[in-house]
Amino acid sequence: MATFCRVLNGGALVTACTAPTQLTLSANNVGFWQTVTLSWTGAQGGAGNPIAGYEVYRDGMSLGTVTQASLDVQSPAQNGSYTFTVRTKGTIPGFDSPVSVASAVLTSLVTAPAAPASVWLSAQDVKLSGQATFSWSAAAGGTNNPVAGYAIYRGGAAFTTVAAGVTTLVVTAPATDGASYAFTVKALGTVAGFDSAASSAVTLTAHAPQHVDSYFTASGTYTVPAWAERVDVTCIGGGGGGSARFGDGGGGCGGASGHISHGVGVAVTPGTAVAVTVGAGGARGLESAPAGDQSRSGVDGGASGFGSLVAAGGGQRGIVHTPAWIVPGSHRGGNGGAGGGGGGRAAHTTAQTSMAGGDGMNTPGGGTGTGTYGVSGGGGGGYKGTSGGSGSGGNWGTTPTNGGTGANTDEYYCFQSASSARYLYAQGGDGGAGIYGATPGAGGRGGNVGRDARGAALAGSGYGHGGRGSDDQADNSAAGGAGLVAVRAWRYL
């Protein structure tokens with residue numbers, strides 16, 4: 001490189017200054033518009049020309065002159081770089097150094113934070129407007145760009161933001177059955193415009209209350225579903241068996257239907273097994289032909305149960321006795337969920353009174369009936385309603401009417417819920433007439449699964465009904481019907 005010099009004042013030699021040989025930055029690869037210190041060394045004054053200062057250039061454009069060998073400079077306002085060079089200024093005008101060959105490159109470097117990972121919902125299926133906790137792992141910040149917070153999106157739309165140290169949010173499901181919300185989260189950078197990509201999505205779905213019904217017609221074990229929030233139960237005991245005829249002129253007594261027990265919110269533990277007992281129907285009574293005009297009672301129905309919830313079986317009526325003209329029959333249908341029918345009894349010379357029907361759970365049995373040479377039995381008690389009325393008496397050779405039945409109920413099973421579409425339909429039995437060849441007492445008719453809310457027939461048959469008594473001329477009493485245990489498991493309540 002050529003050295004410029006000249007003679008001043010009669011012979012003094014003057015030369016140009018030399019440029020810095022090394023430029024240094026106090027920091028590099030920094031954030032946008034960050035201040036760092038540029039410094040340099042190696043500059044020298046010329047002969048007779050001390051250093052007066054330094055002119056700093058950024059990408060070839062002068063930033064001005066300083067007297068010290070350093071200058072605070074700023075990085076670019078976006079990802080990019082600046083190149084800095086320096087010229088040494090001499091005291092003698094015109095004797096400055098060239099722009100330095102040495103340079104320093106200052107780079108701005110900003111990247112987005114990482115997307116949050118481990119995105120999770122504490123529950124993905126909840127009740128309508130139910131809540132769950134949305135959570136994620138803390139995201140790593142980007143280069144020169146710490147995490148400033150998190151933006152949560154619901155269904156792709158901005159939902160809310162939380163501070164940098166927060167990684168959970170309680171969220172609410174829709175209020176419409178089957179509707180869902182998809183949640184994602186982004187890490188927000190401290191540098192505007194440099195946010196993370198969205199996380200993977202997790203979906204929260206809302207459900208209206210749901211139930212699963214199980215019907216047991218035989219004893220066994222019920223395993224409570226792991227998801228069950230509540231268990232409701234209806235137990236119907238087995239019906240009592242009907243009795244054989246009352247000697248030479250009376251109709252037999254109907255057995256009572258099984259009792260009925262509802263349990264709403266029965267105490268059980270999800271995932272555990274519960275013993276289920278279904279009560280058998282009581283056996284029918286048989287006429288004891290070798291012993292003459294003797295009659296036999298039916299057998300009580302068995303109890304039905306679900307754990308500690310128990311519904312008793314229906315009772316029987318009609319004990320062994322001698323012919324009616326020696327010891328007049330005096331027995332009625334058994335008590336039960338809906339009362340059994342009263343048995344008629346014969347009369348040979350005077351009017352006699354039949355027995356009332358058996359009581360229902362909440363209703364007395366139907367009244368007695370009186371007639372000459374033959375009477376009608378009383379009607380059975382209803383489950384929830386009025387009692388069955390008295391039957392009318394009949395004279396010798398005529399046909400009397402039966403006693404009335406107990407009123408029907410507006411209750412459903414299982415679980416006293418119309419959604420079961422199973423009308424309880426628990427009725428008392430008809431009281432049987434008490435004349436030769438007449439209709440015997442009928443059993444109570446509780447727990448009929450074969451009716452819907454309007455009383456229309458459905459597939460199925462009665463459960464826990466009482467057996468019919470025998471008539472005057474045949475050994476045709478009937479056994480009681482087996483009970484039923486119905487279980488409903490609920491979720492999304």
# chains A, B, ... in the order shown; residues from 1 in each chain; ligands from 1

$ select_by_dssp --residues "segment 124-319 of chain A" --states "strand (DSSP E)" --output "MDAnalysis selection string"
chainID A and resid 125:127 131:135 147:154 157:163 168:172 180:189 202:207 210:216 220:223 230:236 260:263 273:277 304:306 309:311

$ residues_around --residues "Val191 of chain A" --least-positions-apart "2" --cutoff "6 Å" --atoms "only C-alpha atoms" --output "ChimeraX atom specification"
/A:145,189,194

$ closest_residue --among "A:Leu25, A:Ala69, A:Leu128, A:Ala173" --to "Phe84 of chain A" --atoms "only C-alpha atoms"
A:Leu25

$ atom_distance --atom1 "atom CA of Ser75 of chain A" --atom2 "atom CA of Trp33 of chain A"
4.6 Å

$ atom_distance --atom1 "atom CA of Thr205 of chain A" --atom2 "atom CA of Ala182 of chain A"
8.8 Å

$ residues_around --residues "Phe95 of chain A" --least-positions-apart "2" --cutoff "9 Å" --atoms "only C-alpha atoms" --output "JSON, numbers by chain"
{"A": [4, 5, 14, 15, 16, 17, 46, 49, 89, 90, 91, 92, 93, 97]}

$ closest_atom_pairs --of "segment 144-184 of chain A" --to "segment 112-123 of chain A" --cutoff "10 Å" --atoms "only C-alpha atoms" --output "JSON lines"
{"residue": "A:Asn144", "atom": "CA", "partner": "A:Ala112", "partner_atom": "CA", "distance": 9.0}
{"residue": "A:Asn145", "atom": "CA", "partner": "A:Ala112", "partner_atom": "CA", "distance": 6.8}
{"residue": "A:Pro146", "atom": "CA", "partner": "A:Pro113", "partner_atom": "CA", "distance": 7.2}
{"residue": "A:Val147", "atom": "CA", "partner": "A:Pro113", "partner_atom": "CA", "distance": 6.6}
{"residue": "A:Ala148", "atom": "CA", "partner": "A:Pro113", "partner_atom": "CA", "distance": 9.8}
{"residue": "A:Tyr150", "atom": "CA", "partner": "A:Pro116", "partner_atom": "CA", "distance": 8.9}
{"residue": "A:Thr167", "atom": "CA", "partner": "A:Pro116", "partner_atom": "CA", "distance": 9.4}
{"residue": "A:Thr168", "atom": "CA", "partner": "A:Trp120", "partner_atom": "CA", "distance": 9.5}
{"residue": "A:Leu169", "atom": "CA", "partner": "A:Leu121", "partner_atom": "CA", "distance": 9.7}
{"residue": "A:Val170", "atom": "CA", "partner": "A:Leu121", "partner_atom": "CA", "distance": 9.4}
{"residue": "A:Val171", "atom": "CA", "partner": "A:Leu121", "partner_atom": "CA", "distance": 9.2}
{"residue": "A:Phe183", "atom": "CA", "partner": "A:Val119", "partner_atom": "CA", "distance": 9.1}
{"residue": "A:Thr184", "atom": "CA", "partner": "A:Val119", "partner_atom": "CA", "distance": 8.0}

$ write_last_selection --atoms "all heavy atoms" --output "tab-separated table (two decimals), in the first residue's frame"
chain	number	residue	atom	x	y	z
A	144	ASN	N	-32.93	-16.39	21.19
A	144	ASN	CA	-33.18	-14.99	21.53
A	144	ASN	C	-34.68	-14.68	21.63
A	144	ASN	O	-35.12	-13.57	21.33
A	144	ASN	CB	-32.53	-14.05	20.50
A	144	ASN	CG	-31.04	-14.21	20.43
A	144	ASN	OD1	-30.37	-14.22	21.47
A	144	ASN	ND2	-30.50	-14.38	19.23
A	145	ASN	N	-35.47	-15.68	22.07
A	145	ASN	CA	-36.92	-15.53	22.05
A	145	ASN	C	-37.55	-16.41	23.14
A	145	ASN	O	-38.11	-17.47	22.85
A	145	ASN	CB	-37.46	-15.91	20.66
A	145	ASN	CG	-38.93	-15.60	20.51
A	145	ASN	OD1	-39.48	-14.77	21.24
A	145	ASN	ND2	-39.57	-16.27	19.58
A	146	PRO	N	-37.48	-16.02	24.40
A	146	PRO	CA	-38.09	-16.83	25.47
A	146	PRO	C	-39.62	-16.91	25.30
A	146	PRO	O	-40.24	-16.07	24.64
A	146	PRO	CB	-37.72	-16.05	26.75
A	146	PRO	CG	-36.61	-15.14	26.35
A	146	PRO	CD	-36.82	-14.81	24.90
A	147	VAL	N	-40.20	-17.92	25.96
A	147	VAL	CA	-41.66	-18.06	25.95
A	147	VAL	C	-42.27	-16.98	26.82
A	147	VAL	O	-41.91	-16.81	27.99
A	147	VAL	CB	-42.07	-19.46	26.45
A	147	VAL	CG1	-43.59	-19.56	26.60
A	147	VAL	CG2	-41.55	-20.54	25.51
A	148	ALA	N	-43.21	-16.23	26.26
A	148	ALA	CA	-43.89	-15.17	26.99
A	148	ALA	C	-45.23	-15.61	27.54
A	148	ALA	O	-45.80	-14.96	28.41
A	148	ALA	CB	-44.09	-13.96	26.08
A	150	TYR	N	-48.83	-18.65	26.68
A	150	TYR	CA	-49.42	-19.67	25.82
A	150	TYR	C	-50.79	-19.21	25.33
A	150	TYR	O	-51.58	-18.64	26.11
A	150	TYR	CB	-49.57	-21.00	26.56
A	150	TYR	CG	-48.24	-21.60	26.98
A	150	TYR	CD1	-47.74	-21.38	28.26
A	150	TYR	CD2	-47.49	-22.35	26.09
A	150	TYR	CE1	-46.51	-21.90	28.64
A	150	TYR	CE2	-46.27	-22.89	26.46
A	150	TYR	CZ	-45.79	-22.66	27.74
A	150	TYR	OH	-44.57	-23.18	28.10
A	167	THR	N	-49.30	-24.13	32.72
A	167	THR	CA	-49.40	-25.20	31.71
A	167	THR	C	-50.69	-26.00	31.85
A	167	THR	O	-50.77	-27.12	31.37
A	167	THR	CB	-48.19	-26.14	31.79
A	167	THR	OG1	-48.10	-26.66	33.12
A	167	THR	CG2	-46.91	-25.42	31.42
A	168	THR	N	-51.70	-25.46	32.53
A	168	THR	CA	-52.99	-26.14	32.64
A	168	THR	C	-54.10	-25.11	32.50
A	168	THR	O	-53.92	-23.92	32.78
A	168	THR	CB	-53.17	-26.86	34.00
A	168	THR	OG1	-53.11	-25.90	35.05
A	168	THR	CG2	-52.10	-27.93	34.19
A	169	LEU	N	-55.26	-25.60	32.06
A	169	LEU	CA	-56.44	-24.74	31.94
A	169	LEU	C	-57.68	-25.61	32.09
A	169	LEU	O	-57.79	-26.66	31.44
A	169	LEU	CB	-56.46	-24.03	30.58
A	169	LEU	CG	-57.67	-23.13	30.32
A	169	LEU	CD1	-57.60	-21.88	31.21
A	169	LEU	CD2	-57.73	-22.72	28.86
A	170	VAL	N	-58.62	-25.22	32.94
A	170	VAL	CA	-59.89	-25.93	33.07
A	170	VAL	C	-60.79	-25.49	31.90
A	170	VAL	O	-61.03	-24.29	31.71
A	170	VAL	CB	-60.57	-25.63	34.41
A	170	VAL	CG1	-61.94	-26.28	34.47
A	170	VAL	CG2	-59.69	-26.13	35.56
A	171	VAL	N	-61.26	-26.46	31.13
A	171	VAL	CA	-62.09	-26.17	29.96
A	171	VAL	C	-63.45	-26.84	30.12
A	171	VAL	O	-63.59	-27.82	30.86
A	171	VAL	CB	-61.40	-26.64	28.66
A	171	VAL	CG1	-60.16	-25.81	28.39
A	171	VAL	CG2	-61.05	-28.12	28.73
A	183	PHE	N	-59.04	-28.89	21.24
A	183	PHE	CA	-58.17	-27.89	21.85
A	183	PHE	C	-56.73	-28.06	21.38
A	183	PHE	O	-56.22	-29.19	21.32
A	183	PHE	CB	-58.21	-28.00	23.38
A	183	PHE	CG	-59.53	-27.59	23.98
A	183	PHE	CD1	-60.52	-28.53	24.24
A	183	PHE	CD2	-59.79	-26.26	24.27
A	183	PHE	CE1	-61.73	-28.16	24.78
A	183	PHE	CE2	-61.00	-25.87	24.82
A	183	PHE	CZ	-61.98	-26.82	25.07
A	184	THR	N	-56.07	-26.94	21.05
A	184	THR	CA	-54.64	-26.90	20.75
A	184	THR	C	-54.04	-25.73	21.51
A	184	THR	O	-54.75	-24.88	22.04
A	184	THR	CB	-54.38	-26.73	19.25
A	184	THR	OG1	-55.04	-25.55	18.78
A	184	THR	CG2	-54.89	-27.94	18.45

$ closest_residue --among "A:Thr223, A:Asn29, A:Gln44, A:Gln210" --to "Thr143 of chain A" --atoms "only C-alpha atoms"
A:Asn29

$ residues_around --residues "segment 488-491 of chain A" --least-positions-apart "6" --cutoff "9 Å" --atoms "only C-alpha atoms" --output "ChimeraX atom specification"
/A:126-127,208-215,224-225,227-234,414-415

$ atom_distance --atom1 "atom CA of Gly240 of chain A" --atom2 "atom CA of Leu309 of chain A"
19.9 Å
